$ cat target33.pdb   # PDB, C-alpha atoms
ATOM      1  CA  MET A   1     113.536  82.734 -91.945
ATOM      2  CA  PRO A   2     112.118  79.233 -91.273
ATOM      3  CA  ALA A   3     114.367  76.193 -91.719
ATOM      4  CA  GLU A   4     113.669  74.023 -94.735
ATOM      5  CA  PRO A   5     112.204  70.622 -93.863
ATOM      6  CA  VAL A   6     114.528  67.688 -94.404
ATOM      7  CA  ALA A   7     112.971  64.801 -96.259
ATOM      8  CA  SER A   8     113.689  61.443 -94.698
ATOM      9  CA  ALA A   9     113.814  58.278 -96.732
ATOM     10  CA  PHE A  10     113.267  54.964 -95.051
ATOM     11  CA  GLY A  11     114.148  51.542 -96.342
ATOM     12  CA  ALA A  12     112.932  48.179 -95.139
ATOM     13  CA  PHE A  13     115.435  45.649 -93.842
ATOM     14  CA  ALA A  14     115.398  42.088 -92.581
ATOM     15  CA  LYS A  15     118.188  40.335 -90.759
ATOM     16  CA  CYS A  16     117.524  36.636 -90.190
ATOM     17  CA  ASP A  17     119.271  33.725 -88.574
ATOM     18  CA  GLN A  18     118.037  30.276 -87.562
ATOM     19  CA  ILE A  19     116.517  31.501 -84.298
ATOM     20  CA  THR A  20     115.176  35.010 -84.923
ATOM     21  CA  ALA A  21     114.362  37.533 -87.600
ATOM     22  CA  ASN A  22     114.853  41.240 -86.987
ATOM     23  CA  VAL A  23     112.750  43.293 -89.418
ATOM     24  CA  GLY A  24     112.019  46.981 -89.644
ATOM     25  CA  TYR A  25     112.940  50.271 -91.261
ATOM     26  CA  ARG A  26     116.113  52.316 -91.272
ATOM     27  CA  ASP A  27     117.017  55.809 -92.418
ATOM     28  CA  VAL A  28     118.539  55.348 -95.863
ATOM     29  CA  SER A  29     120.914  58.291 -95.530
ATOM     30  CA  THR A  30     122.371  57.360 -92.136
ATOM     31  CA  GLY A  31     121.676  53.651 -91.852
ATOM     32  CA  GLN A  32     120.205  54.236 -88.397
ATOM     33  CA  VAL A  33     117.352  51.895 -87.443
ATOM     34  CA  VAL A  34     114.110  53.836 -87.025
ATOM     35  CA  ALA A  35     111.836  50.962 -86.017
ATOM     36  CA  SER A  36     112.351  47.224 -85.739
ATOM     37  CA  ILE A  37     110.892  44.113 -84.197
ATOM     38  CA  GLU A  38     112.474  40.757 -83.381
ATOM     39  CA  ILE A  39     110.340  37.748 -84.285
ATOM     40  CA  PRO A  40     111.149  34.089 -83.539
ATOM     41  CA  ALA A  41     111.913  32.286 -86.807
ATOM     42  CA  GLN A  42     109.475  29.500 -85.849
ATOM     43  CA  VAL A  43     106.592  32.000 -85.809
ATOM     44  CA  ILE A  44     107.412  33.126 -89.336
ATOM     45  CA  GLU A  45     107.871  29.548 -90.523
ATOM     46  CA  ARG A  46     104.500  28.480 -89.113
ATOM     47  CA  ALA A  47     102.712  31.468 -90.622
ATOM     48  CA  VAL A  48     104.181  30.855 -94.065
ATOM     49  CA  LEU A  49     103.748  27.088 -94.116
ATOM     50  CA  GLU A  50     100.412  26.825 -92.292
ATOM     51  CA  ASN A  51      98.330  26.568 -95.462
ATOM     52  CA  ALA A  52     101.087  25.515 -97.816
ATOM     53  CA  SER A  53     101.982  22.192 -99.315
ATOM     54  CA  VAL A  54     105.212  20.944-100.780
ATOM     55  CA  GLU A  55     105.016  19.005-104.014
ATOM     56  CA  ILE A  56     107.937  16.882-105.168
ATOM     57  CA  THR A  57     107.937  15.315-108.624
ATOM     58  CA  LEU A  58     110.385  13.067-110.449
ATOM     59  CA  LEU A  59     110.399  14.169-114.082
ATOM     60  CA  SER A  60     111.039  11.792-116.956
ATOM     61  CA  ASP A  61     114.469  13.332-117.656
ATOM     62  CA  GLY A  62     115.775  12.592-114.140
ATOM     63  CA  GLU A  63     115.108  16.017-112.632
ATOM     64  CA  ILE A  64     113.510  16.173-109.204
ATOM     65  CA  ALA A  65     111.288  19.260-109.098
ATOM     66  CA  SER A  66     109.786  20.705-105.940
ATOM     67  CA  ALA A  67     107.342  23.549-105.407
ATOM     68  CA  VAL A  68     105.629  25.204-102.456
ATOM     69  CA  THR A  69     101.995  26.060-103.105
ATOM     70  CA  GLY A  70      99.066  27.280-101.041
ATOM     71  CA  SER A  71      97.122  30.340 -99.988
ATOM     72  CA  ALA A  72     100.042  31.695 -97.957
ATOM     73  CA  CYS A  73     102.216  31.446-101.063
ATOM     74  CA  ASP A  74     100.113  33.494-103.515
ATOM     75  CA  CYS A  75     102.819  36.111-103.894
ATOM     76  CA  PHE A  76     105.648  33.655-103.309
ATOM     77  CA  SER A  77     106.114  30.613-105.468
ATOM     78  CA  ALA A  78     109.223  28.650-104.608
ATOM     79  CA  LYS A  79     110.206  26.210-107.327
ATOM     80  CA  THR A  80     113.469  24.326-107.515
ATOM     81  CA  SER A  81     114.836  21.351-109.370
ATOM     82  CA  VAL A  82     117.899  19.157-109.134
ATOM     83  CA  SER A  83     118.987  16.164-111.190
ATOM     84  CA  VAL A  84     119.046  12.728-109.568
ATOM     85  CA  ASP A  85     122.766  12.308-110.275
ATOM     86  CA  HIS A  86     123.583  15.706-108.742
ATOM     87  CA  LEU A  87     121.552  14.846-105.645
ATOM     88  CA  VAL A  88     123.374  11.518-105.233
ATOM     89  CA  ASP A  89     126.766  13.165-105.864
ATOM     90  CA  ALA A  90     126.028  15.763-103.197
ATOM     91  CA  PHE A  91     124.914  13.085-100.740
ATOM     92  CA  VAL A  92     127.970  10.856-101.173
ATOM     93  CA  SER A  93     130.513  13.674-101.044
ATOM     94  CA  ASN A  94     133.068  13.207 -98.263
ATOM     95  CA  ASN A  95     131.855  16.321 -96.421
ATOM     96  CA  ASN A  96     128.248  15.196 -96.355
ATOM     97  CA  LEU A  97     128.984  11.564 -95.503
ATOM     98  CA  HIS A  98     130.835  12.721 -92.407
ATOM     99  CA  LYS A  99     127.833  14.841 -91.342
ATOM    100  CA  GLU A 100     125.301  12.112 -92.107
ATOM    101  CA  GLU A 101     127.476   9.400 -90.538
ATOM    102  CA  ALA A 102     126.376   6.977 -93.255
ATOM    103  CA  THR A 103     127.487   3.384 -92.728
ATOM    104  CA  GLU A 104     128.759   1.023 -95.397
ATOM    105  CA  THR A 105     125.576  -1.037 -94.987
ATOM    106  CA  GLU A 106     123.394   2.023 -95.623
ATOM    107  CA  LEU A 107     125.435   2.949 -98.688
ATOM    108  CA  ARG A 108     125.116  -0.612-100.038
ATOM    109  CA  THR A 109     121.340  -0.360 -99.531
ATOM    110  CA  LEU A 110     121.368   2.939-101.453
ATOM    111  CA  LEU A 111     123.407   1.329-104.231
ATOM    112  CA  GLY A 112     120.953  -1.574-104.466
ATOM    113  CA  ARG A 113     118.001   0.801-104.741
ATOM    114  CA  LEU A 114     119.759   2.863-107.410
ATOM    115  CA  GLN A 115     120.535  -0.322-109.364
ATOM    116  CA  LYS A 116     116.849  -1.352-109.166
ATOM    117  CA  SER A 117     115.938   2.109-110.451
ATOM    118  CA  VAL A 118     118.339   1.751-113.383
ATOM    119  CA  GLN A 119     116.861  -1.669-114.203
ATOM    120  CA  ALA A 120     113.325  -0.229-114.138
ATOM    121  CA  VAL A 121     114.306   2.585-116.518
ATOM    122  CA  GLU A 122     116.096   0.152-118.867
ATOM    123  CA  ARG A 123     113.023  -2.135-118.852
ATOM    124  CA  THR A 124     110.764   0.801-119.734
ATOM    125  CA  ILE A 125     113.093   1.905-122.550
ATOM    126  CA  ARG A 126     112.964  -1.630-123.991
ATOM    127  CA  LEU A 127     109.138  -1.574-123.809
ATOM    128  CA  ILE A 128     108.988   1.789-125.575
ATOM    129  CA  GLU A 129     111.430   0.576-128.257
ATOM    130  CA  GLY A 130     109.304  -2.581-128.724
ATOM    131  CA  THR A 131     106.051  -0.672-129.198
ATOM    132  CA  ALA A 132     107.649   1.882-131.533
ATOM    133  CA  LYS A 133     108.536  -0.806-134.085
TER     134      LYS A 133
END

$ encode --input "target33.pdb" --output "structure tokens"
Amino acid sequence: MPAEPVASAFGAFAKCDQITANVGYRDVSTGQVVASIEIPAQVIERAVLENASVEITLLSDGEIASAVTGSACDCFSAKTSVSVDHLVDAFVSNNNLHKEEATETELRTLLGRLQKSVQAVERTIRLIEGTAK
């Protein structure tokens, strides 16, 4: 009596770090890798971003929206947004300041630019209020 064939099921996997990506297939039932290849992360990055562009927009409500577009991104559309205040809070957190090694002079320059931004928004609000009357 012939043995019954055993059906194998394979699942794709990807294991990535900053230097390499290991991609391939493994047997779902055992977890054993059937086939894999190690690719330098820079190769993948170049292939994805070669014909892509990054668009960053400041929206009128204070959100900063970014999107990756291009022919390499037809099936992948990365869109994110973050509010200006959240971005500044994240930048001036103690953890980040230590990493960035920001000086007091640089932070005072940042503060001056933020104050100019606030003044520009207040000026525009006054103009809108003046034309609405």

$ resolve_selection --input "target33.pdb" --expression "the PyMOL selection byres ((chain A and resi 40-55) around 8)" --output "list in words"
Cys16, Asp17, Gln18, Ile19, Thr20, Ala21, Glu38, Ile39, Ile56, Thr57, Ser66, Ala67, Val68, Thr69, Gly70, Ser71, Ala72 and Cys73 of chain A

$ closest_residue --input "target33.pdb" --among "A:Ala9, A:Thr131, A:Ser81, A:Ala14" --to "A:Asp27" --atoms "all atoms listed in the file"
A:Ala9

$ closest_residue --input "target33.pdb" --among "A:Ser29, A:Thr80, A:Ala12, A:Val88" --to "A:Leu110" --atoms "only C-alpha atoms"
A:Val88

$ atom_distance --input "target33.pdb" --atom1 "atom CA of A:Leu97" --atom2 "atom CA of A:Arg113"
17.9 Å

$ atom_distance --input "target33.pdb" --atom1 "atom CA of A:Val82" --atom2 "atom CA of A:Ala65"
6.6 Å

$ atom_distance --input "target33.pdb" --atom1 "atom CA of A:Phe91" --atom2 "atom CA of A:Glu106"
12.3 Å

$ resolve_selection --input "target33.pdb" --expression "the PyMOL selection byres ((chain A and resi 32) around 12)" --output "ChimeraX atom specification"
/A:8-13,24-31,33-36

$ resolve_selection --input "target33.pdb" --expression "the PyMOL selection byres ((chain A and resi 61) around 12)" --output "list in words"
Thr57, Leu58, Leu59, Ser60, Gly62, Glu63, Ile64, Ala65, Ser81, Val82, Ser83, Val84, Asp85 and Val121 of chain A

$ write_last_selection --input "target33.pdb" --atoms "C-alpha atoms" --output "PDB file, keeping the file's coordinate frame"
ATOM      1  CA  THR A  57     107.937  15.315-108.624  1.00  0.00           C
ATOM      2  CA  LEU A  58     110.385  13.067-110.449  1.00  0.00           C
ATOM      3  CA  LEU A  59     110.399  14.169-114.082  1.00  0.00           C
ATOM      4  CA  SER A  60     111.039  11.792-116.956  1.00  0.00           C
ATOM      5  CA  GLY A  62     115.775  12.592-114.140  1.00  0.00           C
ATOM      6  CA  GLU A  63     115.108  16.017-112.632  1.00  0.00           C
ATOM      7  CA  ILE A  64     113.510  16.173-109.204  1.00  0.00           C
ATOM      8  CA  ALA A  65     111.288  19.260-109.098  1.00  0.00           C
ATOM      9  CA  SER A  81     114.836  21.351-109.370  1.00  0.00           C
ATOM     10  CA  VAL A  82     117.899  19.157-109.134  1.00  0.00           C
ATOM     11  CA  SER A  83     118.987  16.164-111.190  1.00  0.00           C
ATOM     12  CA  VAL A  84     119.046  12.728-109.568  1.00  0.00           C
ATOM     13  CA  ASP A  85     122.766  12.308-110.275  1.00  0.00           C
ATOM     14  CA  VAL A 121     114.306   2.585-116.518  1.00  0.00           C
TER      15      VAL A 121
END

$ build_atoms --input "target33.pdb" --residues "stretch 48-59 of chain A" --atoms "all heavy atoms" --output "PDB file, keeping the file's coordinate frame"
ATOM      1  N   VAL A  48     103.987  31.055 -92.628  1.00  0.00           N
ATOM      2  CA  VAL A  48     104.181  30.855 -94.065  1.00  0.00           C
ATOM      3  C   VAL A  48     103.706  29.475 -94.497  1.00  0.00           C
ATOM      4  O   VAL A  48     103.039  29.313 -95.515  1.00  0.00           O
ATOM      5  CB  VAL A  48     105.659  31.063 -94.456  1.00  0.00           C
ATOM      6  CG1 VAL A  48     105.913  30.621 -95.884  1.00  0.00           C
ATOM      7  CG2 VAL A  48     106.050  32.517 -94.267  1.00  0.00           C
ATOM      8  N   LEU A  49     104.021  28.462 -93.700  1.00  0.00           N
ATOM      9  CA  LEU A  49     103.748  27.088 -94.116  1.00  0.00           C
ATOM     10  C   LEU A  49     102.400  26.540 -93.644  1.00  0.00           C
ATOM     11  O   LEU A  49     102.033  25.432 -94.013  1.00  0.00           O
ATOM     12  CB  LEU A  49     104.870  26.174 -93.628  1.00  0.00           C
ATOM     13  CG  LEU A  49     106.252  26.472 -94.204  1.00  0.00           C
ATOM     14  CD1 LEU A  49     107.288  25.545 -93.614  1.00  0.00           C
ATOM     15  CD2 LEU A  49     106.237  26.363 -95.723  1.00  0.00           C
ATOM     16  N   GLU A  50     101.665  27.322 -92.856  1.00  0.00           N
ATOM     17  CA  GLU A  50     100.412  26.825 -92.292  1.00  0.00           C
ATOM     18  C   GLU A  50      99.463  26.274 -93.350  1.00  0.00           C
ATOM     19  O   GLU A  50      98.893  25.210 -93.197  1.00  0.00           O
ATOM     20  CB  GLU A  50      99.728  27.933 -91.496  1.00  0.00           C
ATOM     21  CG  GLU A  50      98.507  27.464 -90.750  1.00  0.00           C
ATOM     22  CD  GLU A  50      97.973  28.554 -89.853  1.00  0.00           C
ATOM     23  OE1 GLU A  50      97.148  29.353 -90.331  1.00  0.00           O
ATOM     24  OE2 GLU A  50      98.408  28.604 -88.695  1.00  0.00           O
ATOM     25  N   ASN A  51      99.248  26.998 -94.403  1.00  0.00           N
ATOM     26  CA  ASN A  51      98.330  26.568 -95.462  1.00  0.00           C
ATOM     27  C   ASN A  51      99.071  26.259 -96.756  1.00  0.00           C
ATOM     28  O   ASN A  51      98.538  26.446 -97.837  1.00  0.00           O
ATOM     29  CB  ASN A  51      97.269  27.649 -95.704  1.00  0.00           C
ATOM     30  CG  ASN A  51      96.372  27.825 -94.507  1.00  0.00           C
ATOM     31  OD1 ASN A  51      95.892  26.840 -93.963  1.00  0.00           O
ATOM     32  ND2 ASN A  51      96.171  29.054 -94.075  1.00  0.00           N
ATOM     33  N   ALA A  52     100.282  25.808 -96.624  1.00  0.00           N
ATOM     34  CA  ALA A  52     101.087  25.515 -97.816  1.00  0.00           C
ATOM     35  C   ALA A  52     101.327  24.012 -97.922  1.00  0.00           C
ATOM     36  O   ALA A  52     101.255  23.285 -96.942  1.00  0.00           O
ATOM     37  CB  ALA A  52     102.420  26.245 -97.735  1.00  0.00           C
ATOM     38  N   SER A  53     101.601  23.589 -99.116  1.00  0.00           N
ATOM     39  CA  SER A  53     101.982  22.192 -99.315  1.00  0.00           C
ATOM     40  C   SER A  53     103.215  22.146-100.203  1.00  0.00           C
ATOM     41  O   SER A  53     103.432  23.028-101.032  1.00  0.00           O
ATOM     42  CB  SER A  53     100.841  21.395 -99.949  1.00  0.00           C
ATOM     43  OG  SER A  53     100.575  21.863-101.253  1.00  0.00           O
ATOM     44  N   VAL A  54     104.001  21.136 -99.992  1.00  0.00           N
ATOM     45  CA  VAL A  54     105.212  20.944-100.780  1.00  0.00           C
ATOM     46  C   VAL A  54     104.955  19.785-101.733  1.00  0.00           C
ATOM     47  O   VAL A  54     104.515  18.714-101.310  1.00  0.00           O
ATOM     48  CB  VAL A  54     106.422  20.632 -99.871  1.00  0.00           C
ATOM     49  CG1 VAL A  54     107.656  20.357-100.705  1.00  0.00           C
ATOM     50  CG2 VAL A  54     106.663  21.773 -98.897  1.00  0.00           C
ATOM     51  N   GLU A  55     105.193  20.035-102.995  1.00  0.00           N
ATOM     52  CA  GLU A  55     105.016  19.005-104.014  1.00  0.00           C
ATOM     53  C   GLU A  55     106.377  18.650-104.596  1.00  0.00           C
ATOM     54  O   GLU A  55     107.127  19.532-104.989  1.00  0.00           O
ATOM     55  CB  GLU A  55     104.088  19.512-105.117  1.00  0.00           C
ATOM     56  CG  GLU A  55     102.705  19.862-104.628  1.00  0.00           C
ATOM     57  CD  GLU A  55     101.861  20.559-105.681  1.00  0.00           C
ATOM     58  OE1 GLU A  55     102.269  20.596-106.863  1.00  0.00           O
ATOM     59  OE2 GLU A  55     100.792  21.064-105.315  1.00  0.00           O
ATOM     60  N   ILE A  56     106.672  17.359-104.613  1.00  0.00           N
ATOM     61  CA  ILE A  56     107.937  16.882-105.168  1.00  0.00           C
ATOM     62  C   ILE A  56     107.610  15.901-106.287  1.00  0.00           C
ATOM     63  O   ILE A  56     106.810  14.988-106.103  1.00  0.00           O
ATOM     64  CB  ILE A  56     108.801  16.204-104.086  1.00  0.00           C
ATOM     65  CG1 ILE A  56     109.097  17.207-102.967  1.00  0.00           C
ATOM     66  CG2 ILE A  56     110.075  15.635-104.691  1.00  0.00           C
ATOM     67  CD1 ILE A  56     109.794  16.616-101.768  1.00  0.00           C
ATOM     68  N   THR A  57     108.226  16.117-107.445  1.00  0.00           N
ATOM     69  CA  THR A  57     107.937  15.315-108.624  1.00  0.00           C
ATOM     70  C   THR A  57     109.230  14.850-109.275  1.00  0.00           C
ATOM     71  O   THR A  57     110.167  15.633-109.420  1.00  0.00           O
ATOM     72  CB  THR A  57     107.147  16.151-109.660  1.00  0.00           C
ATOM     73  OG1 THR A  57     106.009  16.713-109.025  1.00  0.00           O
ATOM     74  CG2 THR A  57     106.706  15.313-110.839  1.00  0.00           C
ATOM     75  N   LEU A  58     109.271  13.588-109.669  1.00  0.00           N
ATOM     76  CA  LEU A  58     110.385  13.067-110.449  1.00  0.00           C
ATOM     77  C   LEU A  58     109.984  13.162-111.910  1.00  0.00           C
ATOM     78  O   LEU A  58     109.008  12.543-112.344  1.00  0.00           O
ATOM     79  CB  LEU A  58     110.696  11.616-110.073  1.00  0.00           C
ATOM     80  CG  LEU A  58     111.786  10.922-110.887  1.00  0.00           C
ATOM     81  CD1 LEU A  58     113.115  11.658-110.746  1.00  0.00           C
ATOM     82  CD2 LEU A  58     111.930   9.474-110.459  1.00  0.00           C
ATOM     83  N   LEU A  59     110.704  13.979-112.667  1.00  0.00           N
ATOM     84  CA  LEU A  59     110.399  14.169-114.082  1.00  0.00           C
ATOM     85  C   LEU A  59     111.054  13.078-114.913  1.00  0.00           C
ATOM     86  O   LEU A  59     112.007  12.434-114.478  1.00  0.00           O
ATOM     87  CB  LEU A  59     110.872  15.555-114.525  1.00  0.00           C
ATOM     88  CG  LEU A  59     110.296  16.728-113.714  1.00  0.00           C
ATOM     89  CD1 LEU A  59     110.930  18.038-114.145  1.00  0.00           C
ATOM     90  CD2 LEU A  59     108.791  16.783-113.849  1.00  0.00           C
TER      91      LEU A  59
END
